[in-house]
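K.L.:
Contents are mmCIF, C-alpha atoms; file name model_20.cif:
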data_structure
loop_
_atom_site.label_atom_id
_atom_site.label_comp_id
_atom_site.auth_asym_id
_atom_site.auth_seq_id
_atom_site.Cartn_x
_atom_site.Cartn_y
_atom_site.Cartn_z
CA MET A 270 23.40 -36.90 -11.72
CA VAL A 271 23.25 -33.35 -13.13
CA ALA A 272 19.79 -34.00 -14.54
CA ALA A 273 18.56 -35.25 -11.16
CA VAL A 274 19.91 -32.14 -9.41
CA LEU A 275 18.33 -29.82 -11.99
CA ALA A 276 15.02 -31.63 -11.69
CA GLY A 277 15.06 -31.51 -7.90
CA VAL A 278 16.05 -27.86 -7.66
CA GLY A 279 13.75 -26.72 -10.45
CA LEU A 280 10.62 -28.54 -9.28
CA GLY A 281 11.34 -27.79 -5.63
CA TRP A 282 11.72 -24.09 -6.40
CA TRP A 283 8.52 -24.13 -8.44
CA ALA A 284 6.62 -25.89 -5.64
CA ILE A 285 7.77 -23.34 -3.04
CA ALA A 286 6.78 -20.40 -5.26
CA MET A 287 3.33 -21.89 -5.94
CA LEU A 288 2.87 -22.60 -2.23
CA VAL A 289 3.68 -18.97 -1.40
CA GLN A 290 1.24 -17.79 -4.06
CA TRP A 291 -1.66 -19.83 -2.71
CA LEU A 292 -0.77 -19.45 0.96
CA SER A 293 -0.58 -15.66 0.63
CA ALA A 294 -4.01 -15.65 -1.03
CA ALA A 295 -5.47 -17.86 1.71
CA LEU A 296 -4.03 -15.74 4.53
CA ALA A 297 -5.08 -12.48 2.89
CA ARG A 298 -8.67 -13.72 2.59
CA ARG A 299 -8.84 -14.09 6.37
CA ARG A 300 -10.38 -11.22 8.29
CA HIS A 301 -9.78 -9.97 11.79
CA PRO A 302 -12.69 -10.67 14.17
CA ALA A 303 -15.30 -8.06 13.36
CA ALA A 304 -16.43 -5.65 16.06
CA SER A 305 -19.68 -3.72 16.13
CA PRO A 306 -19.16 -0.10 15.02
CA ARG A 307 -19.39 2.13 18.08
CA HIS A 308 -18.09 5.48 16.86
CA LEU A 309 -20.29 8.25 15.52
CA ALA A 310 -19.36 10.63 12.74
CA SER A 311 -18.74 13.29 15.39
CA ASP A 312 -15.93 11.14 16.84
CA PHE A 313 -13.73 11.49 13.74
CA SER A 314 -11.18 14.08 12.66
CA ILE A 315 -10.26 13.51 9.00
CA VAL A 316 -6.87 14.94 8.00
CA ALA A 317 -6.92 15.09 4.20
CA PRO A 318 -3.84 16.25 2.24
CA LEU A 319 -3.96 17.85 -1.20
CA ALA A 320 -1.00 18.56 -3.49
CA GLY A 321 -1.87 19.47 -7.05
CA GLN A 322 -5.12 19.49 -9.00
CA ARG A 323 -5.15 15.72 -9.53
CA ASP A 324 -5.56 15.20 -5.78
CA ALA A 325 -8.68 17.38 -5.70
CA CYS A 326 -10.70 14.93 -7.77
CA ALA A 327 -14.48 15.06 -7.57
CA ALA A 328 -14.86 11.71 -5.80
CA TYR A 329 -12.36 12.61 -3.06
CA ILE A 330 -13.68 16.11 -2.37
CA GLY A 331 -17.26 14.84 -2.57
CA SER A 332 -16.60 12.12 0.00
CA LEU A 333 -14.97 14.64 2.36
CA GLU A 334 -17.91 17.01 2.01
CA GLU A 335 -20.33 14.17 2.77
CA LEU A 336 -18.34 13.17 5.87
CA ALA A 337 -18.44 16.78 7.08
CA ARG A 338 -22.18 16.95 6.43
CA GLN A 339 -22.62 13.81 8.55
CA GLY A 340 -20.75 15.41 11.46
CA ALA A 341 -17.06 14.52 11.06
CA GLU A 342 -14.34 17.15 11.43
CA VAL A 343 -12.60 17.48 8.05
CA LEU A 344 -9.24 19.24 7.86
CA ILE A 345 -7.98 19.64 4.29
CA CYS A 346 -4.25 20.42 4.21
CA VAL A 347 -2.28 22.20 1.50
CA ALA A 348 1.32 23.38 1.69
CA SER A 349 0.73 26.63 -0.21
CA ALA A 350 -2.25 28.87 -0.90
CA GLY A 351 -1.14 28.95 -4.52
CA ASP A 352 -1.53 25.19 -4.96
CA GLY A 353 -3.88 24.48 -7.85
CA ALA A 354 -5.82 22.06 -5.62
CA VAL A 355 -7.19 24.95 -3.56
CA GLU A 356 -9.20 26.58 -6.32
CA LEU A 357 -10.45 23.25 -7.62
CA ALA A 358 -11.46 22.06 -4.14
CA ARG A 359 -13.30 25.35 -3.52
CA SER A 360 -15.16 25.00 -6.82
CA ARG A 361 -16.40 21.58 -5.73
CA TRP A 362 -16.95 22.40 -2.07
CA PRO A 363 -17.14 26.17 -1.44
CA ALA A 364 -17.14 25.76 2.35
CA ALA A 365 -14.18 23.35 2.41
CA PRO A 366 -12.07 23.86 5.57
CA ILE A 367 -8.55 24.29 4.15
CA LEU A 368 -5.44 24.67 6.32
CA VAL A 369 -2.39 26.21 4.66
CA GLY A 370 1.24 25.85 5.70
CA SER A 371 4.29 23.62 5.52
CA ASP A 372 6.82 22.14 7.92
CA ASP A 373 10.50 21.51 7.10
CA THR A 374 11.17 17.79 7.56
CA PHE A 375 12.49 15.42 4.88
CA ASN A 376 8.94 14.20 4.20
CA PRO A 377 6.77 16.62 2.14
CA LYS A 378 3.58 14.75 2.98
CA MET A 379 4.16 15.15 6.70
CA ASN A 380 5.21 18.78 6.15
CA ASN A 381 1.73 19.28 4.74
CA VAL A 382 -0.36 17.32 7.25
CA ARG A 383 1.35 18.21 10.54
CA LYS A 384 -0.94 21.22 11.01
CA GLY A 385 -3.95 18.97 10.48
CA LEU A 386 -2.78 16.38 12.99
CA GLU A 387 -2.24 19.13 15.56
CA ALA A 388 -5.59 20.77 14.84
CA ALA A 389 -7.57 17.51 15.05
CA SER A 390 -9.91 17.79 18.03
CA ARG A 391 -11.95 14.58 17.93
CA SER A 392 -11.21 11.31 19.74
CA ILE A 393 -10.37 9.36 16.55
CA VAL A 394 -7.86 10.81 14.09
CA VAL A 395 -7.78 9.58 10.49
CA LEU A 396 -4.99 10.46 8.07
CA CYS A 397 -6.45 9.89 4.63
CA ASP A 398 -4.51 9.46 1.39
CA ALA A 399 -5.50 11.87 -1.35
CA GLY A 400 -7.88 10.59 -3.98
CA ILE A 401 -9.65 7.78 -2.15
CA ALA A 402 -13.40 7.74 -1.76
CA VAL A 403 -14.11 7.28 1.95
CA THR A 404 -17.53 6.52 3.41
CA LEU A 405 -18.67 6.86 7.00
CA ASP A 406 -19.56 3.17 7.08
CA GLU A 407 -16.00 2.21 6.09
CA LEU A 408 -14.60 4.54 8.73
CA ARG A 409 -16.82 3.18 11.49
CA ARG A 410 -16.14 -0.46 10.62
CA ALA A 411 -12.38 0.08 10.44
CA ALA A 412 -12.24 2.14 13.65
CA ALA A 413 -14.27 -0.53 15.48
CA LEU A 414 -11.10 -2.68 15.49
CA LEU A 415 -9.31 -0.20 17.78
CA SER A 416 -9.00 -1.46 21.35
CA ASP A 417 -6.71 -1.52 24.38
CA LYS A 418 -4.52 -3.96 22.44
CA VAL A 419 -4.93 -2.60 18.91
CA GLY A 420 -3.57 0.94 18.81
CA LEU A 421 -3.76 1.60 15.08
CA VAL A 422 -5.81 0.35 12.16
CA LEU A 423 -4.73 0.97 8.58
CA ALA A 424 -7.21 0.49 5.75
CA LEU A 425 -5.37 -0.28 2.51
CA LYS A 426 -6.57 1.46 -0.62
CA VAL A 427 -7.43 -0.58 -3.72
CA GLY A 428 -7.39 0.50 -7.34
CA TRP A 429 -10.76 0.82 -9.05
CA SER A 430 -12.20 1.76 -12.47
CA PRO A 431 -9.07 1.64 -14.64
CA GLU A 432 -9.68 3.35 -18.00
CA ASN A 433 -6.64 2.11 -19.95
CA PHE A 434 -4.18 -0.78 -19.76
CA ALA A 435 -1.55 1.22 -17.85
CA ALA A 436 -4.19 1.90 -15.18
CA GLU A 437 -5.08 -1.81 -15.20
CA LEU A 438 -1.42 -2.57 -14.57
CA GLU A 439 -1.44 -0.16 -11.62
CA CYS A 440 -4.44 -2.03 -10.20
CA ALA A 441 -2.55 -5.29 -10.67
CA TYR A 442 0.29 -3.90 -8.56
CA ILE A 443 -1.91 -2.32 -5.87
CA ASN A 444 -4.58 -5.03 -5.57
CA GLY A 445 -3.32 -8.41 -6.69
CA HIS A 446 0.23 -8.08 -5.41
CA GLN A 447 0.71 -5.45 -2.71
CA ALA A 448 -2.62 -5.80 -0.93
CA ARG A 449 -2.40 -9.60 -1.06
CA PHE A 450 1.05 -9.82 0.47
CA LEU A 451 0.48 -7.02 2.99
CA LEU A 452 -2.76 -8.57 4.24
CA ALA A 453 -1.11 -11.99 4.45
CA ALA A 454 1.82 -10.59 6.44
CA ASP A 455 -0.56 -8.69 8.72
CA ARG A 456 -2.52 -11.86 9.46
CA LEU A 457 0.79 -13.41 10.55
CA GLY A 458 1.32 -10.53 13.00
CA MET A 459 4.00 -8.68 11.05
CA PRO A 460 4.22 -4.84 11.03
CA VAL A 461 3.15 -3.76 7.54
CA ALA A 462 1.67 -0.64 6.01
CA SER A 463 0.78 1.07 2.77
CA GLY A 464 -1.38 3.93 1.58
CA GLY A 465 -5.04 4.32 2.48
CA MET A 466 -6.47 5.42 5.83
CA THR A 467 -4.40 5.52 9.03
CA ILE A 468 -6.75 5.41 12.00
CA LEU A 469 -5.75 5.88 15.66
CA SER A 470 -7.06 7.51 18.79
CA ARG A 471 -6.05 11.01 19.84
CA ASP A 472 -4.48 9.51 22.98
CA VAL A 473 -2.26 7.13 20.99
CA LEU A 474 -1.30 9.92 18.59
CA ASP A 475 -0.17 12.03 21.55
CA GLN A 476 1.64 9.07 23.06
CA ILE A 477 3.82 8.62 19.97
CA GLY A 478 4.69 12.30 19.79
CA GLY A 479 2.14 13.41 17.24
CA HIS A 480 3.63 13.94 13.79
CA GLN A 481 7.06 12.78 14.99
CA GLY A 482 5.71 9.24 15.14
CA PHE A 483 5.42 9.36 11.35
CA LEU A 484 9.06 10.38 10.83
CA ASN A 485 11.10 7.63 12.47
CA TYR A 486 11.37 5.72 9.18
CA ILE A 487 11.57 6.94 5.62
CA ALA A 488 7.99 5.81 4.88
CA ASP A 489 5.49 7.65 7.10
CA ASP A 490 2.86 4.89 7.05
CA TYR A 491 5.38 2.20 8.05
CA SER A 492 6.88 4.58 10.62
CA VAL A 493 3.62 5.14 12.48
CA VAL A 494 2.94 1.39 12.51
CA ARG A 495 6.34 0.62 14.03
CA THR A 496 6.16 3.55 16.45
CA VAL A 497 2.75 2.52 17.78
CA ARG A 498 4.13 -0.99 18.35
CA ASP A 499 7.47 0.09 19.83
CA GLN A 500 6.51 3.19 21.84
CA ALA A 501 2.83 2.71 22.62
CA GLY A 502 3.19 -1.04 23.17
CA ARG A 503 0.12 -1.89 21.11
CA THR A 504 -0.33 -3.99 18.02
CA THR A 505 -1.46 -2.70 14.65
CA TRP A 506 -3.92 -4.24 12.21
CA LEU A 507 -4.89 -3.88 8.60
CA ALA A 508 -8.63 -3.34 8.37
CA ASN A 509 -11.08 -5.81 6.87
CA THR A 510 -12.34 -3.06 4.56
CA MET A 511 -10.39 -1.30 1.81
CA PRO A 512 -11.40 2.13 0.45
CA ARG A 513 -11.34 2.54 -3.30
CA LEU A 514 -9.12 4.76 -5.40
CA ALA A 515 -10.49 5.53 -8.85
CA VAL A 516 -7.31 5.23 -10.92
CA GLY A 517 -8.91 6.44 -14.14
CA HIS A 518 -6.41 7.01 -16.95
CA ARG A 519 -2.71 6.42 -16.22
CA GLY A 520 0.46 7.02 -18.17
CA TRP A 521 2.95 4.16 -18.47
CA SER A 522 5.85 6.20 -17.14
CA ASP A 523 3.82 7.39 -14.13
CA VAL A 524 2.89 3.85 -13.17
CA TRP A 525 6.46 2.62 -13.53
CA ARG A 526 8.03 5.51 -11.61
CA ARG A 527 5.57 5.04 -8.76
CA GLN A 528 6.36 1.34 -8.47
CA VAL A 529 10.11 2.00 -8.59
CA ARG A 530 9.73 4.63 -5.87
CA TRP A 531 7.80 2.26 -3.64
CA GLY A 532 10.36 -0.47 -4.28
CA SER A 533 13.25 1.87 -3.45
CA THR A 534 11.46 2.99 -0.30
CA ARG A 535 11.04 -0.61 0.87
CA LEU A 536 14.76 -1.18 0.36
CA ASN A 537 15.42 1.77 2.70
CA LEU A 538 13.15 0.62 5.54
CA THR A 539 14.87 -2.22 7.40
CA ARG A 540 17.17 -5.06 6.44
CA GLU A 541 14.33 -7.56 6.82
CA VAL A 542 11.98 -5.63 4.55
CA GLY A 543 14.79 -5.02 2.06
CA VAL A 544 15.67 -8.70 1.86
CA LEU A 545 12.04 -9.64 1.23
CA ALA A 546 11.84 -7.03 -1.54
CA LEU A 547 14.98 -8.41 -3.19
CA LEU A 548 13.62 -11.97 -3.00
CA ASP A 549 10.36 -11.00 -4.70
CA PRO A 550 11.47 -12.10 -8.21
CA ALA A 551 12.61 -15.50 -6.95
CA ILE A 552 9.07 -16.51 -5.98
CA GLY A 553 7.36 -14.75 -8.88
CA TRP A 554 5.54 -16.25 -11.83
CA LEU A 555 8.33 -15.71 -14.35
CA ILE A 556 11.33 -17.13 -12.46
CA SER A 557 9.35 -20.04 -11.01
CA ALA A 558 8.06 -20.87 -14.51
CA ILE A 559 11.59 -20.88 -15.92
CA VAL A 560 13.11 -23.06 -13.20
CA GLY A 561 10.09 -25.37 -13.30
CA ALA A 562 10.50 -25.78 -17.06
CA VAL A 563 14.20 -26.56 -16.57
CA GLY A 564 13.27 -29.19 -13.98
CA LEU A 565 10.74 -30.84 -16.27
CA ALA A 566 13.18 -30.79 -19.19
CA ALA A 567 15.77 -32.47 -16.96
CA LEU A 568 13.24 -35.25 -16.33
CA GLY A 569 13.02 -35.80 -20.09
CA TRP A 570 9.74 -34.00 -20.81
CA GLY A 571 9.34 -32.91 -24.42
CA ALA A 572 8.78 -29.32 -25.55
CA ALA A 573 5.02 -29.77 -26.00
CA SER A 574 4.59 -31.27 -22.53
CA VAL A 575 6.66 -28.50 -20.95
CA ALA A 576 4.59 -25.89 -22.78
CA LEU A 577 1.36 -27.41 -21.45
CA ALA A 578 2.86 -27.45 -17.97
CA LEU A 579 3.66 -23.75 -18.26
CA VAL A 580 0.07 -23.03 -19.28
CA ALA A 581 -1.15 -24.97 -16.24
CA HIS A 582 1.34 -23.08 -14.06
CA SER A 583 0.02 -19.74 -15.33
CA LEU A 584 -3.62 -20.71 -14.79
CA ALA A 585 -2.96 -21.92 -11.25
CA TRP A 586 -1.08 -18.70 -10.52
CA LEU A 587 -3.86 -16.46 -11.80
CA ILE A 588 -6.63 -18.47 -10.14
CA ALA A 589 -4.97 -17.96 -6.75
CA GLU A 590 -4.93 -14.21 -7.33
CA ALA A 591 -8.52 -14.22 -8.55
CA TRP A 592 -9.54 -16.19 -5.44
CA PHE A 593 -8.03 -13.52 -3.20
CA LEU A 594 -9.58 -10.61 -5.11
CA ALA A 595 -13.02 -12.24 -5.09
CA ALA A 596 -13.01 -12.22 -1.29
CA TYR A 597 -12.98 -8.41 -1.36
CA GLY A 598 -15.33 -7.95 -4.30
CA LEU A 599 -12.57 -6.78 -6.63
CA PRO A 600 -12.97 -7.48 -10.37
CA PHE A 601 -10.50 -9.67 -12.25
CA GLY A 602 -11.48 -9.86 -15.87
CA PRO A 603 -9.45 -10.94 -18.94
CA ARG A 604 -7.60 -7.60 -19.18
CA ALA A 605 -6.66 -7.87 -15.49
CA TRP A 606 -5.28 -11.39 -16.08
CA VAL A 607 -3.00 -10.04 -18.80
CA ALA A 608 -1.96 -7.12 -16.58
CA SER A 609 -1.01 -9.53 -13.80
CA LEU A 610 1.25 -11.51 -16.11
CA VAL A 611 2.84 -8.29 -17.39
CA ARG A 612 3.42 -7.24 -13.77
CA GLU A 613 5.05 -10.57 -12.99
CA THR A 614 7.25 -10.38 -16.08
CA LEU A 615 8.50 -6.94 -15.03
CA VAL A 616 9.34 -7.95 -11.43
CA PRO A 617 13.08 -8.59 -12.03
CA LEU A 618 13.49 -5.29 -13.89
CA LEU A 619 11.54 -3.44 -11.20
CA VAL A 620 13.78 -4.76 -8.43
CA ILE A 621 16.91 -3.78 -10.38
CA GLN A 622 15.56 -0.27 -10.96
CA ALA A 623 14.49 0.06 -7.32
CA TRP A 624 17.93 -1.02 -6.12
CA ARG A 625 19.67 1.45 -8.41
CA GLY A 626 17.34 4.25 -7.29
CA ARG A 627 17.36 3.57 -3.57
CA ARG A 628 19.69 6.55 -2.87
CA LYS A 629 17.48 9.05 -4.68
CA ILE A 630 13.75 8.63 -4.17
CA ASP A 631 11.65 11.24 -5.95
CA TRP A 632 8.26 12.06 -4.43
CA ARG A 633 6.52 14.86 -6.31
CA GLY A 634 9.78 16.67 -6.95
CA THR A 635 11.35 16.05 -3.53
CA ASP A 636 14.18 13.60 -2.93
CA LEU A 637 13.13 11.75 0.21
CA ALA A 638 16.46 9.97 0.50
CA ALA A 639 18.39 13.27 0.49
CA GLY A 640 17.13 14.09 3.99
CA TRP A 641 17.05 10.55 5.27
CA ARG A 642 19.91 8.20 5.94
CA PRO A 643 19.60 4.94 7.88
CA ALA A 644 21.56 4.73 11.11
CA GLY A 645 22.87 1.54 12.69
CA ASP A 646 20.92 -1.47 11.47
CA GLY A 647 18.68 0.67 9.29
CA ALA A 648 15.78 0.68 11.72
CA HIS A 649 16.07 4.39 12.48
CA GLY A 650 17.41 7.43 10.76
CA ARG A 651 17.44 11.19 10.80
CA HIS A 652 15.42 13.94 9.23
CA VAL A 653 16.25 17.52 8.39
#
Before anything else, please render the file you have as structure tokens.
P.N.:
Amino acid sequence: MVAAVLAGVGLGWWAIAMLVQWLSAALARRRHPAASPRHLASDFSIVAPLAGQRDACAAYIGSLEELARQGAEVLICVASAGDGAVELARSRWPAAPILVGSDDTFNPKMNNVRKGLEAASRSIVVLCDAGIAVTLDELRRAAALLSDKVGLVLALKVGWSPENFAAELECAYINGHQARFLLAADRLGMPVASGGMTILSRDVLDQIGGHQGFLNYIADDYSVVRTVRDQAGRTTWLANTMPRLAVGHRGWSDVWRRQVRWGSTRLNLTREVGVLALLDPAIGWLISAIVGAVGLAALGWGAASVALALVAHSLAWLIAEAWFLAAYGLPFGPRAWVASLVRETLVPLLVIQAWRGRRKIDWRGTDLAAGWRPAGDGAHGRHV
């Protein structure tokens, strides 16, 4: 009787996890109906934050300069004239239009970019994450999805050109896991967001209260998505295109701290998002492999047969991820396969660390959680 229960639970759990893995890949491969690009470069205001020399990388500044040359309005934002990014940006683009100043909300990113959002004068406003290489073609194709029903389009960033294994692991988090699940959830109509490009019309931005629309939740990208849906009454989409972030060389501690911060932030969004984040290990490669092995052992399978089953489980898991990445032209070589398994092995530890750190979320030296506390059901909060 016990063996039958273990077999049923173990194999059932494994089947559900594998179904989620393949279903998420299939959904994420789907694209929204494409629309013909109708916006010109002169229709775009690009609000581009910088904070520190790393943000002023050559690819990012070069792409902004090219967009300006093509006719877009580029508004580079820094919080202080003494920021090291200013001198580096000027060395790479002497005529760079740089706005200086800071607000006083709980969110340092929004403190930096508010002036840019208010100065934007074109019909389409784009808030761009630092470091990504943006092209006019990507902008036009993403903005083409805006309509009377779609009030905001967010283009997820993807990791590119990792130079060491820690950077490969970061790509495994950004591309194979986060992008896959966010795109899948978006295709199901759920409100989701992450870093990249946030694209909306000037009219919608005004309708949601400008920068205030980014401050109703602890994460500014998720906040603007929810605010456009709740206040403007329009849906939001993730774009079919994803701009690339050259990750280069990464340190292990930097990669880990960033993932813990994102995990802690998700736990502070809403109860629904928090529950999904806590359930992540249960449907991951490691836990599903363990319970599946227990189920097979309960059926009387020998050690060698169970080991072969685990190899098959791992291959099926990685092939699903590779299938998703191939749809967007993202590489997935042998080192990336190893990075994905390392990522999956670390999922339980990551969730534990994120839970423990949910009350103190460090973002470039600022504790986001110190100025933000959920009110009521956690859907809204306050800022100082």
K.L.:
Running the PyMOL selection byres ((chain A and resi 348) around 8) on this model by hand, what would come out? Give it as a PyMOL selection string.
P.N.:
chain A and resi 320+346-347+349-350+352+369-371+380-381
K.L.:
So that I can check the surroundings of stretch 519-531 of chain A, please list as a list in words every protein, DNA and RNA residue that reaches within 7 Å of it, counting only C-alpha atoms and ignoring chain neighbours fewer than 4 positions away.
P.N.:
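So, after excluding close chain neighbours, the residues are Asn433, Ala435, Ala436, Glu439, Arg535, Leu619, Gln622, Ala623, Ile630 and Asp631 of chain A.
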K.L.:
Neighbours of A:Val271 within 12 Å (only C-alpha atoms; same-chain residues fewer than 5 positions away dropped), as an MDAnalysis selection string?
P.N.:
chainID A and resid 276:279 563:564 567:568
K.L.:
Tell me which of A:Asp406, A:Asp490, A:Asp324, A:Glu387 sits closest to A:Leu425, counting only C-alpha atoms.
P.N.:
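So, comparing all the options, the nearest one is A:Asp490.
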K.L.:
Convert the output of the PyMOL selection byres ((chain A and resi 498) around 12) on the shown file into explicit residues, formatted as a PyMOL selection string.
P.N.:
chain A and resi 418-422+458-461+473+476-477+482+491-497+499-506
K.L.:
Measure the distance from atom CA of A:Gln290 to atom CA of A:Ile552 in Å and round it to one decimal.
P.N.:
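Atom CA of A:Ile552 lies 8.2 Å from atom CA of A:Gln290.
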K.L.:
Separation of atom CA of A:Glu437 and atom CA of A:Ala605, in Å?
P.N.:
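These atoms are spaced 6.3 Å apart.
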K.L.:
List the neighbours of A:Ala585 out to 12 Å using all atoms listed in the file; skip same-chain residues closer than 2 positions along the sequence, and give me the result as a ChimeraX atom specification.
P.N.:
/A:284,286-288,290-291,554,558,578-583,587-592,606
K.L.:
Within 10 Å of A:Gln339, counting only C-alpha atoms, which residues show up once you throw out same-chain ones fewer than 6 positions away? Write them as a PyMOL selection string, please.
P.N.:
chain A and resi 309-311+333+405
K.L.:
Taking C-alpha atoms for each residue, export the selection above as a PDB file, in the coordinates of the input.
P.N.:
ATOM      1  CA  LEU A 309     -20.290   8.250  15.520  1.00  0.00           C
ATOM      2  CA  ALA A 310     -19.360  10.630  12.740  1.00  0.00           C
ATOM      3  CA  SER A 311     -18.740  13.290  15.390  1.00  0.00           C
ATOM      4  CA  LEU A 333     -14.970  14.640   2.360  1.00  0.00           C
ATOM      5  CA  LEU A 405     -18.670   6.860   7.000  1.00  0.00           C
TER       6      LEU A 405
END
K.L.:
Can stretch 607-624 of chain A be brought up to N, CA and C atoms and written out as a PDB file, in the coordinates of the input?
P.N.:
ATOM      1  N   VAL A 607      -4.167 -10.407 -17.990  1.00  0.00           N
ATOM      2  CA  VAL A 607      -3.000 -10.040 -18.800  1.00  0.00           C
ATOM      3  C   VAL A 607      -2.101  -9.058 -18.028  1.00  0.00           C
ATOM      4  N   ALA A 608      -2.721  -8.091 -17.356  1.00  0.00           N
ATOM      5  CA  ALA A 608      -1.960  -7.120 -16.580  1.00  0.00           C
ATOM      6  C   ALA A 608      -1.155  -7.793 -15.475  1.00  0.00           C
ATOM      7  N   SER A 609      -1.725  -8.817 -14.863  1.00  0.00           N
ATOM      8  CA  SER A 609      -1.010  -9.530 -13.800  1.00  0.00           C
ATOM      9  C   SER A 609       0.221 -10.242 -14.338  1.00  0.00           C
ATOM     10  N   LEU A 610       0.101 -10.847 -15.517  1.00  0.00           N
ATOM     11  CA  LEU A 610       1.250 -11.510 -16.110  1.00  0.00           C
ATOM     12  C   LEU A 610       2.318 -10.505 -16.553  1.00  0.00           C
ATOM     13  N   VAL A 611       1.878  -9.347 -17.049  1.00  0.00           N
ATOM     14  CA  VAL A 611       2.840  -8.290 -17.390  1.00  0.00           C
ATOM     15  C   VAL A 611       3.560  -7.822 -16.129  1.00  0.00           C
ATOM     16  N   ARG A 612       2.814  -7.623 -15.062  1.00  0.00           N
ATOM     17  CA  ARG A 612       3.420  -7.240 -13.770  1.00  0.00           C
ATOM     18  C   ARG A 612       4.465  -8.250 -13.330  1.00  0.00           C
ATOM     19  N   GLU A 613       4.121  -9.522 -13.412  1.00  0.00           N
ATOM     20  CA  GLU A 613       5.050 -10.570 -12.990  1.00  0.00           C
ATOM     21  C   GLU A 613       6.289 -10.612 -13.882  1.00  0.00           C
ATOM     22  N   THR A 614       6.109 -10.376 -15.162  1.00  0.00           N
ATOM     23  CA  THR A 614       7.250 -10.380 -16.080  1.00  0.00           C
ATOM     24  C   THR A 614       8.212  -9.237 -15.776  1.00  0.00           C
ATOM     25  N   LEU A 615       7.677  -8.121 -15.295  1.00  0.00           N
ATOM     26  CA  LEU A 615       8.500  -6.940 -15.030  1.00  0.00           C
ATOM     27  C   LEU A 615       9.151  -6.953 -13.647  1.00  0.00           C
ATOM     28  N   VAL A 616       8.817  -7.942 -12.804  1.00  0.00           N
ATOM     29  CA  VAL A 616       9.340  -7.950 -11.430  1.00  0.00           C
ATOM     30  C   VAL A 616      10.870  -7.869 -11.381  1.00  0.00           C
ATOM     31  N   PRO A 617      11.617  -8.697 -12.123  1.00  0.00           N
ATOM     32  CA  PRO A 617      13.080  -8.590 -12.030  1.00  0.00           C
ATOM     33  C   PRO A 617      13.607  -7.208 -12.399  1.00  0.00           C
ATOM     34  N   LEU A 618      13.062  -6.617 -13.463  1.00  0.00           N
ATOM     35  CA  LEU A 618      13.490  -5.290 -13.890  1.00  0.00           C
ATOM     36  C   LEU A 618      13.133  -4.245 -12.831  1.00  0.00           C
ATOM     37  N   LEU A 619      11.962  -4.387 -12.230  1.00  0.00           N
ATOM     38  CA  LEU A 619      11.540  -3.440 -11.200  1.00  0.00           C
ATOM     39  C   LEU A 619      12.481  -3.472 -10.009  1.00  0.00           C
ATOM     40  N   VAL A 620      12.879  -4.651  -9.572  1.00  0.00           N
ATOM     41  CA  VAL A 620      13.780  -4.760  -8.430  1.00  0.00           C
ATOM     42  C   VAL A 620      15.141  -4.141  -8.760  1.00  0.00           C
ATOM     43  N   ILE A 621      15.625  -4.376  -9.969  1.00  0.00           N
ATOM     44  CA  ILE A 621      16.910  -3.780 -10.380  1.00  0.00           C
ATOM     45  C   ILE A 621      16.818  -2.255 -10.367  1.00  0.00           C
ATOM     46  N   GLN A 622      15.736  -1.714 -10.936  1.00  0.00           N
ATOM     47  CA  GLN A 622      15.560  -0.270 -10.960  1.00  0.00           C
ATOM     48  C   GLN A 622      15.406   0.301  -9.552  1.00  0.00           C
ATOM     49  N   ALA A 623      14.676  -0.401  -8.692  1.00  0.00           N
ATOM     50  CA  ALA A 623      14.490   0.060  -7.320  1.00  0.00           C
ATOM     51  C   ALA A 623      15.813   0.073  -6.562  1.00  0.00           C
ATOM     52  N   TRP A 624      16.620  -0.954  -6.786  1.00  0.00           N
ATOM     53  CA  TRP A 624      17.930  -1.020  -6.120  1.00  0.00           C
ATOM     54  C   TRP A 624      18.827   0.133  -6.580  1.00  0.00           C
TER      55      TRP A 624
END
